[in-house]
There are 4 protein chains.
Amino acid sequence: LQISTAQRLSEEPIAEIRELVYRASIDRMDDAGFAAMSAMNQAHLVMLVECGVLSPEAGASLARAMGQMQAEGRAGLPTDSTIEDPYFAYEARLAELVGGEIAGQLHAGRSRNDIGATLDQMAARGCCLAILAALEPLRATVLDMAARHTATIMPGHTHLQPAQPITFGFYLASIAAALQRDADRLLGAFVHIDACSLGSAAMAGTSFPIDRERTAALLGFAAVAEPCLDAVASRDFATSLLFAATQLAVTWNRVVQDLHVFFSHEFSAISLPDRVAGTSSIMPQKKNPIALEFLRAEAARAIGGLTSVLCAIKSTNFSIALDAQREGLIDLWAVLQRMPGNLRLFTRILESVTLQEALLLERCRTNFATATDLADGLVRRCGIAFRDAHHIVGGVVRLAIDQGLSADAVDAAMVERVAEPLLGRRLGVDDVFVRACLDPVRAVEGRKTQGGTSRAEVERQIGKARAALRAHAAEAAALQARVDDAADLLARRVRDVAGGVV
Amino acid sequence: LQISTAQRLSEEPIAEIRELVYRASIDRMDDAGFAAMSAMNQAHLVMLVECGVLSPEAGASLARAMGQMQAEGRAGLPTDSTIEDPYFAYEARLAELVGGEIAGQLHAGRSRNDIGATLDQMAARGCCLAILAALEPLRATVLDMAARHTATIMPGHTHLQPAQPITFGFYLASIAAALQRDADRLLGAFVHIDACSLGSAAMAGTSFPIDRERTAALLGFAAVAEPCLDAVASRDFATSLLFAATQLAVTWNRVVQDLHVFFSHEFSAISLPDRVAGTSSIMPQKKNPIALEFLRAEAARAIGGLTSVLCAIKSTNFSIALDAQREGLIDLWAVLQRMPGNLRLFTRILESVTLQEALLLERCRTNFATATDLADGLVRRCGIAFRDAHHIVGGVVRLAIDQGLSADAVDAAMVERVAEPLLGRRLGVDDVFVRACLDPVRAVEGRKTQGGTSRAEVERQIGKARAALRAHAAEAAALQARVDDAADLLARRVRDVAGGVV
Amino acid sequence: LQISTAQRLSEEPIAEIRELVYRASIDRMDDAGFAAMSAMNQAHLVMLVECGVLSPEAGASLARAMGQMQAEGRAGLPTDSTIEDPYFAYEARLAELVGGEIAGQLHAGRSRNDIGATLDQMAARGCCLAILAALEPLRATVLDMAARHTATIMPGHTHLQPAQPITFGFYLASIAAALQRDADRLLGAFVHIDACSLGSAAMAGTSFPIDRERTAALLGFAAVAEPCLDAVASRDFATSLLFAATQLAVTWNRVVQDLHVFFSHEFSAISLPDRVAGTSSIMPQKKNPIALEFLRAEAARAIGGLTSVLCAIKSTNFSIALDAQREGLIDLWAVLQRMPGNLRLFTRILESVTLQEALLLERCRTNFATATDLADGLVRRCGIAFRDAHHIVGGVVRLAIDQGLSADAVDAAMVERVAEPLLGRRLGVDDVFVRACLDPVRAVEGRKTQGGTSRAEVERQIGKARAALRAHAAEAAALQARVDDAADLLARRVRDVAGGVV
Amino acid sequence: LQISTAQRLSEEPIAEIRELVYRASIDRMDDAGFAAMSAMNQAHLVMLVECGVLSPEAGASLARAMGQMQAEGRAGLPTDSTIEDPYFAYEARLAELVGGEIAGQLHAGRSRNDIGATLDQMAARGCCLAILAALEPLRATVLDMAARHTATIMPGHTHLQPAQPITFGFYLASIAAALQRDADRLLGAFVHIDACSLGSAAMAGTSFPIDRERTAALLGFAAVAEPCLDAVASRDFATSLLFAATQLAVTWNRVVQDLHVFFSHEFSAISLPDRVAGTSSIMPQKKNPIALEFLRAEAARAIGGLTSVLCAIKSTNFSIALDAQREGLIDLWAVLQRMPGNLRLFTRILESVTLQEALLLERCRTNFATATDLADGLVRRCGIAFRDAHHIVGGVVRLAIDQGLSADAVDAAMVERVAEPLLGRRLGVDDVFVRACLDPVRAVEGRKTQGGTSRAEVERQIGKARAALRAHAAEAAALQARVDDAADLLARRVRDVAGGVV
């Protein structure tokens, strides 16, 4: 009795199907995938024995064979090219070990549809926790650097033009806030991952008296996915995770884009150590920020992966189809699995950044980035409307640029010269006042309102972000602990079922 | 003193910029956009007066002028083509009414960057609540229909092939579960929308002693967005909402795809009333499910919009740029604003569906959809392995098809004929047993495990889904109430500031 | 007898369909769409009369009524909300003018399916020619600027790091080459647009003895689309055009990205006049390159539109459906119609760019961009391997940077100091040689091989590009002339059919 | 002297860069990639010797070493994890064989930038020809099947509703026409692939007196890519190919979608042999069209890949960056390389399709698909307007459906009963006329106009398509022959340079 080819069909599949669909699906299973396959089968076995669907004897045979298969790993699976997929390969090996009659009892109350959903849930769970685990040190790094740089002045840009002086600490605290939302979304995505489809069978449930709560618990899930059609047909738990990861990639891409420009010879705003740079085969002077460009490519690939998956699933019927589940998700898994490595690379680069502090402070003194502060100062000192002050200072900047002067050469006379025709009167400001308004250090420190740049305010922001990071880390750790505890429980129960032999 | 053209620049913008960028941005503002602009300005005004940045007199003038502008609506705004955007148009009209000196005081402590973020937050909030409001009756409709159809037998398909008999109620309960997660995600997206950026100014905060908590409260937000750079640079609150909406569209697309196929002449599984169908200009017999195709197009457009927005934002610096915020989000707003209408259309169609019950029950009797139940029955009755039972029944199906028989013609003799050579013995089943196994009504009722198809189990699923719907509705209502209460508070405070005149 | 509601259906469509599908489809028709609708109907009319399917009398009535409708424009169409689409609105107005019996004869041999395809072909043709017409002056501008700047030295970058000195003329000639391929693709896309579907009827052709070659000729098409199912079902002529336009947008985005960075205060590589810049509402010093960011957003929207359309069409059956044709293409038309304006805006900005020539030449002298030329020089002068020379110069650059020296301070001694330990011997070069190698002007002029930077070579490139531009312009002009000639012919024939009255 | 680590940098790259960027780039090189790398290096070598840049002796050493490396294959490359990419690995192995001094001379006049572009051009060329080679038998299969089925009646659908009777031959001829345009686009994309970038060096060309025409010819290219910046920076030759391939996937997806629905139990319009179907692990009756779903997933992945690549390239500077070229194209290559296999799979499935001819003919007799033909008949016989005829027949259909009658029960009396109140008179038709109009065989044969369904017309369409296929095949063969001839020439010249030893 040959396992895994039903009697229904009378021909072997054509070579193209065997190669592109069957073989490829087995080749895609990595060690983590095999481990999940093992655990999923073991959990089903334990439950079947506990529910009396499987006899203790059959259960013991299967548990021991599964133990042997765990030891063999992926390499132990048969390689017959007519085997449709990893589950059938697993079942075929089981049949070699315990005979078809016993192996064939394991499949009661389930199908490859709920198996596929369960394995996807386990994979998504693993990816989610791995991404969170890589995101945590990134956020810690950003906040540590921020804390060291709450007084490091640099130009803040809008439209890539100097806007206002800020601090590097403030810049990093802003990045940390964005990453915090990214982590929020990843944890939010976990909730829908956390319901187990095993026991949904083909789509309609089963008449075997199985206990789905039990398999869910043995596999570390918080809940049971239901109704069964939804449980096998839906993969929004995975697309939501992919979106959360893609949005995280968009966040990092924007920071990377900043670093790429800041690192240009012309900006020279930051330096990077040689260990994160690439060379040129022809240009001897080159030190290229290739890792940053790599991370930009990865962000684009995440967007492409999201498009691929949504486009595949969109047009399927609300049920099972290769493009609604398996093949339609290939790009999703590839993107998710690259995420932790990409986050580590990003962390490595970010922590290696050195700011050219003196140069950047000097730029803030000369590049008119404190023009707004002069306008604000005129409002407060002279009681004029903000819009008037804005116009006056705009005129002063134009005047200075036309004369080839930089911001540190602006004086009270220039302000009056512009203001008088506009207002019909002199403002009565002096050079000390004008110079104070235009001082970037003072300007940065003067913005004390919530979310502002002053040292104390940024320190408060960092403190708040650290608390959020700790809370996230605790939440992720608790999820991971639940998964680990379930794995221990499962191992113990498998040993029991095996008669203590495994 | 001309408002809204800074002295910094000495030339008028070219026609292409005026037309494609400036004019277009103003044309995009609809009535809801104008109302949000009004409220945002009023909240800033009230706060400035309360904080003493603005004198009571100036505040009163501005409050009264804003009241007049509310009455005038969008039509009252100036149409000068050199005006850069809606905010400058608003400020220009204000200056016409109260003079530039007073109008110019309103902008203290903010910029168009935080204004843009705040208006986007208000727009996203409105979209999110509108989508939730349209999703609620859809879910209620699905659950009501499900409750009426817990005993209506139909074929369940996988790979668009008959798989197992289910009920229409079970099918709809599965849809409801998917829609419940969609609602979860929309409510999850709300959290990040719910922090107000107003007062972040250009990117670095402000030195004016403003109260950002107060403006946030006056506009009905739960929190203040910070640090200010993140508050003006980030739009992930909007992309997350777009993803949630897009995933919802993917859900509806799959159901629509089912209905489209079910409505085909060949399936004739459902009928639709004439009022949701289209005609042909040439083929007199036609009754076309065009509205279903419209909804499929809309789902594709949502995916395209998501791609557009992620692609635009991805490559920007972590700061302000037209493609990181304004122009980069155009497709996002278009998709979100079409969502409620699409959901209403979908609800209308769904509630108009009639199942061809007799035909579908007959199909379940003949199309071998209960083959699994026969296999399960053999396992239980004869104590053979599931895989053996699966092979035997597969052989029986092949035998029947080769003989041109449908499932209701299968008898015990056919089962024995296939089983004997395979097992080396007869199974000893009779026709009564075989017919009972193959009865779709019995099969559906037999799947009583969690998530299964039996009537009581589906009723339990529906009950649970209804509780979730009530909870979601209460949550959305509370959010809407907070927004409405804030609008009332704001109106009262504006009246106070205006000296009771507005 | 009411036109445009078939007897087949007994209910009016629901409000959601009338509003979202019917009304919206009519609202989307602009003046160009109405003109195409008129021409298409006139061409069909003329052909029907010529083929004897329509009597001369009926033909004359219809021709005169169509003339009146042309004069009325879109505004003349009925606004009954139950009218399904623009064609039915047209036919309804026709029936008002000539009575239902005569109006009803016009539809022989066609359906809305081939009408829709034909109108899409006319729209795509118009978009293609309009984009080509806007692309031509852009390319001419780029080449004119290139010709003026064949000796204007600037740093060429790779990885946004100084790579080698080039000229602005060379940079622009490279852009021109990319735009030339974009034009190639647009013209290539025209070929598949240029076959007319009219007369394909619903999908299967017609039994009326119509002459499809004739309608195609009257509408200015080169060929007839066939078989009829393909002719009504396929829109790859439009998606190909959209891809060509999107790739063009990607090209412009990369140039825009260069300009955006070059315009930064830190690069100061180019200046832009005030007329293409935006201001800030808060920062008085600001002059923002918003138009560049607008063009980046437009490129992202093109990619999103392409995704939308491919995603919509992908999953449809190979036939007619709203998402395979009409609603599925909405985003496509929006992108295509914005293209000419975007190209004009890009042209305006590009032609306004001024290079900071002195600064850039100075940068090339100091930023080690001629390191490769020194390595090449060492290969030629000293007979060492390129890789050795590359290593020596790399070491020299490191030495200089460690000592805080820029490239113009490198001398022969430094070269020998690095080379000797590496090669075990001195190279025997002197300062004159080293300085000559490091001279950017000499370096640029020294690259004379095909595609290189020397003045003569770039002039040759520009000459070749100008010839290609002339050829493309002639090709586009010929296509436009064919369309225009057909319009004249059609107008004459309509007049004839009308008895000279129109 | 260590090859491939410049002296410029003083640190080893970090582990994340070595693993994710360097190692991964080398792992991605397959045998075809190594062969292209070999050929590219050999062509450069031959040219350098011919131009006198390299001495005959050095040339001979290198040619022999390259011969050895060809024999070793990829496995011969060093695996040092600090090697940046495949080219550096190649050069490092070369240095092991001939010493660094000679190996280091090979790189004169080029860089990894033009090498990368050239390898991409060779890869794109190979993919393009491979896709064309797989598309040719698909088109031949479609046309052969079409020729066998010009009289096989089936319902044509629009909106998945029966529209008009067609033949399977006509359906297939329509598919063939769409595939013909897909082939056109692939060949059109070849033109821009067919220009060689080698010798463009980093971006600016080179001062070495190389002969770029010669390397282009030795590698089988039609032209030299220029200017050099464009030659290294642009990959639109690859994105255009990807679009052509993606559009082809969209074409196949639509046909696959038809087959998927046609194969449903409810349609039973086609049968597929067991060898292209999959089973179920639980449902014994199952025969699932999984290969069709696989092809739909692949189409979605192509769209995702296109999005990924355009999104990556869009935001890069117009020059070299990892995301503009190498990493940004990873998804592109993956999609292109899967295309030929997918096309073969599609061909296998398509050729295995059997139509249920009797059933489909019967459906055409009963499903009102000839209603249009009755309307056309009334126009011709009774001289009424098409719109009137359309309404009458629409009413007849409604009447029949209300009475539970199918189309073959419609008689003259029913027609008169509907017509009389509408027209105020009887039409005077008889049953023979009505039955003839409603006969699907006659209807199909009656559509003889261009693109129609009549047997002779479809045979003409097939003949025309076959001529186009032959022309395309000849064109592709000529391109392949040029490439092959160049490979022969290159091998001969390498042998010459090696002194005949290789």
# chains A, B, ... in the order shown; residues from 1 in each chain; ligands from 1
$ select_by_dssp --residues "range 298-386 of chain B" --states "helix (DSSP H, G or I)" --output "number ranges by chain"
B: 298-314, 327-351, 357-366, 371-382, 386
$ residues_around --residues "range 76-78 of chain A" --least-positions-apart "4" --cutoff "7 Å" --atoms "only C-alpha atoms" --output "short mmCIF file (atom, residue, chain, number, x, y, z; two decimals) with N, CA, C and O atoms, in the first residue's frame"
data_model
loop_
_atom_site.label_atom_id
_atom_site.label_comp_id
_atom_site.auth_asym_id
_atom_site.auth_seq_id
_atom_site.Cartn_x
_atom_site.Cartn_y
_atom_site.Cartn_z
N MET A 69 12.68 10.52 13.40
CA MET A 69 12.68 11.48 12.30
C MET A 69 13.24 12.84 12.72
O MET A 69 13.93 13.50 11.95
N GLU A 72 16.84 12.46 12.45
CA GLU A 72 17.30 12.42 11.06
C GLU A 72 17.29 13.80 10.42
O GLU A 72 18.09 14.10 9.53
N ALA A 89 5.75 13.99 2.26
CA ALA A 89 7.09 13.41 2.45
C ALA A 89 7.24 12.92 3.89
O ALA A 89 7.78 11.83 4.15
N TYR A 90 6.74 13.72 4.82
CA TYR A 90 6.80 13.33 6.24
C TYR A 90 6.02 12.05 6.47
O TYR A 90 6.50 11.09 7.08
N ARG A 93 7.73 8.93 5.07
CA ARG A 93 8.83 8.43 5.91
C ARG A 93 8.28 7.72 7.13
O ARG A 93 8.79 6.66 7.54
#
$ atom_distance --atom1 "CA of Ala123 in chain D" --atom2 "CA of Ala302 in chain D"
17.4 Å
$ residues_around --residues "Ala151 in chain A" --least-positions-apart "2" --cutoff "12 Å" --atoms "only C-alpha atoms" --output "ChimeraX atom specification"
/A:145-149,153-154,165-171,357,361,440-445,453-459
$ write_last_selection --atoms "C-alpha atoms" --output "mmCIF file, in the first residue's frame"
data_model
loop_
_atom_site.group_PDB
_atom_site.id
_atom_site.type_symbol
_atom_site.label_atom_id
_atom_site.label_comp_id
_atom_site.auth_asym_id
_atom_site.auth_seq_id
_atom_site.Cartn_x
_atom_site.Cartn_y
_atom_site.Cartn_z
ATOM 1 C CA MET A 145 22.938 57.461 20.935
ATOM 2 C CA ALA A 146 20.163 60.006 21.383
ATOM 3 C CA ALA A 147 20.964 60.279 25.072
ATOM 4 C CA ARG A 148 24.616 60.986 24.260
ATOM 5 C CA HIS A 149 23.723 63.693 21.746
ATOM 6 C CA ILE A 153 23.754 70.735 17.260
ATOM 7 C CA MET A 154 23.041 69.937 13.606
ATOM 8 C CA PRO A 165 18.920 73.857 14.070
ATOM 9 C CA ILE A 166 18.132 70.700 16.009
ATOM 10 C CA THR A 167 20.225 68.226 17.952
ATOM 11 C CA PHE A 168 21.296 64.797 16.841
ATOM 12 C CA GLY A 169 19.627 63.529 20.000
ATOM 13 C CA PHE A 170 16.340 65.074 18.910
ATOM 14 C CA TYR A 171 16.724 63.583 15.444
ATOM 15 C CA GLU A 357 29.979 68.233 15.192
ATOM 16 C CA LEU A 361 27.469 73.754 14.380
ATOM 17 C CA PRO A 440 21.625 78.101 17.045
ATOM 18 C CA VAL A 441 22.457 76.841 20.521
ATOM 19 C CA ARG A 442 20.053 79.292 22.084
ATOM 20 C CA ALA A 443 17.433 78.538 19.452
ATOM 21 C CA VAL A 444 17.555 74.817 20.095
ATOM 22 C CA GLU A 445 17.346 75.316 23.821
ATOM 23 C CA THR A 453 14.390 70.375 20.954
ATOM 24 C CA SER A 454 15.551 71.637 24.340
ATOM 25 C CA ARG A 455 17.844 69.291 26.175
ATOM 26 C CA ALA A 456 15.487 68.625 29.065
ATOM 27 C CA GLU A 457 12.559 68.040 26.736
ATOM 28 C CA VAL A 458 14.499 65.571 24.574
ATOM 29 C CA GLU A 459 15.665 63.780 27.691
#
$ interface_residues --of "chain B" --to "chain D" --cutoff "9 Å" --atoms "only C-alpha atoms" --output "PyMOL selection string"
chain B and resi 158-164+260-261+263-268+281-290+293+307+311-312+314-316+363+367-373+375+386-387+389-398
$ write_last_selection --atoms "N, CA and C atoms" --output "compact mmCIF listing (two decimals), in the first residue's frame"
# COMPACT_ATOMS: atom_id res chain seq x y z
N THR B 158 -12.97 23.53 -2.56
CA THR B 158 -11.56 23.93 -2.49
C THR B 158 -11.03 23.78 -3.90
N HIS B 159 -10.11 24.64 -4.31
CA HIS B 159 -9.62 24.64 -5.69
C HIS B 159 -10.80 24.72 -6.68
N LEU B 160 -11.88 25.35 -6.27
CA LEU B 160 -13.11 25.48 -7.05
C LEU B 160 -13.71 24.13 -7.43
N GLN B 161 -13.30 23.08 -6.76
CA GLN B 161 -13.87 21.76 -6.95
C GLN B 161 -14.71 21.43 -5.72
N PRO B 162 -15.82 20.71 -5.90
CA PRO B 162 -16.62 20.33 -4.73
C PRO B 162 -15.74 19.61 -3.71
N ALA B 163 -15.81 20.06 -2.47
CA ALA B 163 -14.94 19.50 -1.44
C ALA B 163 -15.78 18.75 -0.41
N GLN B 164 -16.60 19.48 0.31
CA GLN B 164 -17.45 18.89 1.33
C GLN B 164 -18.72 19.72 1.42
N HIS B 260 -19.47 35.85 -8.02
CA HIS B 260 -19.38 35.99 -9.48
C HIS B 260 -19.47 34.62 -10.14
N VAL B 261 -18.76 33.66 -9.59
CA VAL B 261 -18.79 32.31 -10.14
C VAL B 261 -20.11 31.62 -9.81
N PHE B 263 -22.91 32.90 -9.50
CA PHE B 263 -24.00 33.49 -10.29
C PHE B 263 -23.95 33.07 -11.76
N SER B 264 -22.87 32.44 -12.16
CA SER B 264 -22.78 32.04 -13.57
C SER B 264 -23.94 31.10 -13.90
N HIS B 265 -24.33 31.10 -15.16
CA HIS B 265 -25.41 30.24 -15.62
C HIS B 265 -25.09 28.80 -15.30
N GLU B 266 -23.83 28.42 -15.43
CA GLU B 266 -23.45 27.03 -15.24
C GLU B 266 -23.53 26.63 -13.76
N PHE B 267 -23.13 27.51 -12.85
CA PHE B 267 -23.29 27.20 -11.44
C PHE B 267 -24.75 27.35 -11.02
N SER B 268 -25.35 28.48 -11.40
CA SER B 268 -26.72 28.79 -10.96
C SER B 268 -26.92 28.52 -9.48
N SER B 281 -25.83 46.14 -24.38
CA SER B 281 -26.41 46.97 -25.44
C SER B 281 -26.75 46.14 -26.66
N ILE B 282 -26.21 44.92 -26.74
CA ILE B 282 -26.40 44.12 -27.93
C ILE B 282 -27.06 42.78 -27.64
N MET B 283 -26.73 42.18 -26.49
CA MET B 283 -27.23 40.84 -26.21
C MET B 283 -28.47 40.93 -25.32
N PRO B 284 -29.64 40.66 -25.89
CA PRO B 284 -30.89 40.94 -25.17
C PRO B 284 -31.08 40.07 -23.94
N GLN B 285 -30.42 38.93 -23.89
CA GLN B 285 -30.67 38.01 -22.78
C GLN B 285 -29.86 38.36 -21.54
N LYS B 286 -29.01 39.37 -21.60
CA LYS B 286 -27.99 39.54 -20.59
C LYS B 286 -28.47 40.15 -19.29
N LYS B 287 -27.90 39.65 -18.22
CA LYS B 287 -28.10 40.18 -16.87
C LYS B 287 -26.73 40.01 -16.20
N ASN B 288 -25.98 41.09 -16.20
CA ASN B 288 -24.55 40.98 -15.89
C ASN B 288 -24.22 41.43 -14.47
N PRO B 289 -23.37 40.69 -13.79
CA PRO B 289 -23.01 41.05 -12.40
C PRO B 289 -21.93 42.12 -12.38
N ILE B 290 -22.23 43.26 -12.99
CA ILE B 290 -21.20 44.29 -13.14
C ILE B 290 -20.77 44.87 -11.80
N GLU B 293 -17.95 43.06 -10.40
CA GLU B 293 -16.69 43.38 -11.09
C GLU B 293 -16.18 44.76 -10.69
N THR B 307 0.60 50.63 -3.03
CA THR B 307 1.92 50.63 -3.67
C THR B 307 2.39 52.04 -3.95
N CYS B 311 5.66 53.52 -2.11
CA CYS B 311 6.75 53.81 -3.04
C CYS B 311 7.14 55.29 -2.97
N ALA B 312 6.15 56.15 -2.81
CA ALA B 312 6.44 57.59 -2.72
C ALA B 312 7.22 57.91 -1.44
N LYS B 314 8.80 55.89 0.72
CA LYS B 314 10.01 55.11 0.94
C LYS B 314 11.29 55.89 0.73
N SER B 315 11.37 56.62 -0.34
CA SER B 315 12.67 57.15 -0.74
C SER B 315 12.90 58.57 -0.27
N THR B 316 12.00 59.09 0.55
CA THR B 316 12.18 60.47 1.01
C THR B 316 13.08 60.51 2.23
N ARG B 363 -26.93 18.75 -5.70
CA ARG B 363 -25.52 18.65 -6.10
C ARG B 363 -24.70 17.94 -5.03
N ASN B 367 -22.30 14.93 -6.19
CA ASN B 367 -20.96 15.36 -6.66
C ASN B 367 -19.81 14.80 -5.82
N PHE B 368 -20.04 13.77 -5.06
CA PHE B 368 -18.99 13.11 -4.29
C PHE B 368 -18.40 13.98 -3.19
N ALA B 369 -19.12 15.02 -2.80
CA ALA B 369 -18.59 15.91 -1.77
C ALA B 369 -18.57 15.24 -0.39
N THR B 370 -19.28 14.12 -0.26
CA THR B 370 -19.28 13.43 1.04
C THR B 370 -18.32 12.24 1.05
N ALA B 371 -17.43 12.18 0.07
CA ALA B 371 -16.47 11.08 0.03
C ALA B 371 -15.65 11.01 1.32
N THR B 372 -15.26 12.16 1.84
CA THR B 372 -14.49 12.18 3.08
C THR B 372 -15.29 11.55 4.22
N ASP B 373 -16.57 11.81 4.22
CA ASP B 373 -17.40 11.27 5.28
C ASP B 373 -17.50 9.76 5.19
N ALA B 375 -15.08 7.91 4.01
CA ALA B 375 -13.77 7.45 4.50
C ALA B 375 -13.73 7.50 6.02
N PHE B 386 -6.92 5.82 8.46
CA PHE B 386 -7.54 6.84 7.62
C PHE B 386 -6.98 6.80 6.21
N ARG B 387 -5.66 6.61 6.10
CA ARG B 387 -5.07 6.64 4.76
C ARG B 387 -5.60 5.49 3.91
N ALA B 389 -8.57 4.10 4.24
CA ALA B 389 -9.95 4.45 3.92
C ALA B 389 -9.99 5.47 2.79
N HIS B 390 -9.07 6.41 2.86
CA HIS B 390 -8.96 7.45 1.83
C HIS B 390 -8.69 6.81 0.48
N HIS B 391 -7.81 5.83 0.44
CA HIS B 391 -7.48 5.17 -0.83
C HIS B 391 -8.67 4.37 -1.35
N ILE B 392 -9.34 3.68 -0.46
CA ILE B 392 -10.49 2.89 -0.89
C ILE B 392 -11.56 3.79 -1.50
N VAL B 393 -11.89 4.85 -0.79
CA VAL B 393 -12.94 5.73 -1.30
C VAL B 393 -12.49 6.42 -2.59
N GLY B 394 -11.20 6.79 -2.66
CA GLY B 394 -10.69 7.35 -3.92
C GLY B 394 -10.92 6.38 -5.07
N GLY B 395 -10.67 5.11 -4.82
CA GLY B 395 -10.90 4.10 -5.85
C GLY B 395 -12.37 3.97 -6.20
N VAL B 396 -13.21 4.05 -5.19
CA VAL B 396 -14.66 3.97 -5.43
C VAL B 396 -15.12 5.13 -6.31
N VAL B 397 -14.63 6.32 -6.02
CA VAL B 397 -15.01 7.49 -6.82
C VAL B 397 -14.57 7.29 -8.27
N ARG B 398 -13.34 6.82 -8.45
CA ARG B 398 -12.87 6.60 -9.82
C ARG B 398 -13.74 5.57 -10.54
$ atom_distance --atom1 "CA of Ala231 in chain D" --atom2 "CA of Ala277 in chain A"
24.4 Å
$ closest_residue --among "D:Arg23, D:His107, D:Lys464, D:Arg344" --to "Thr82 in chain D" --atoms "only C-alpha atoms"
D:Arg23
$ select_by_dssp --residues "range 197-420 of chain C" --states "strand (DSSP E or B)" --output "VMD selection string"
chain C and resid 223 to 224 270 to 271 278 288 354 to 355
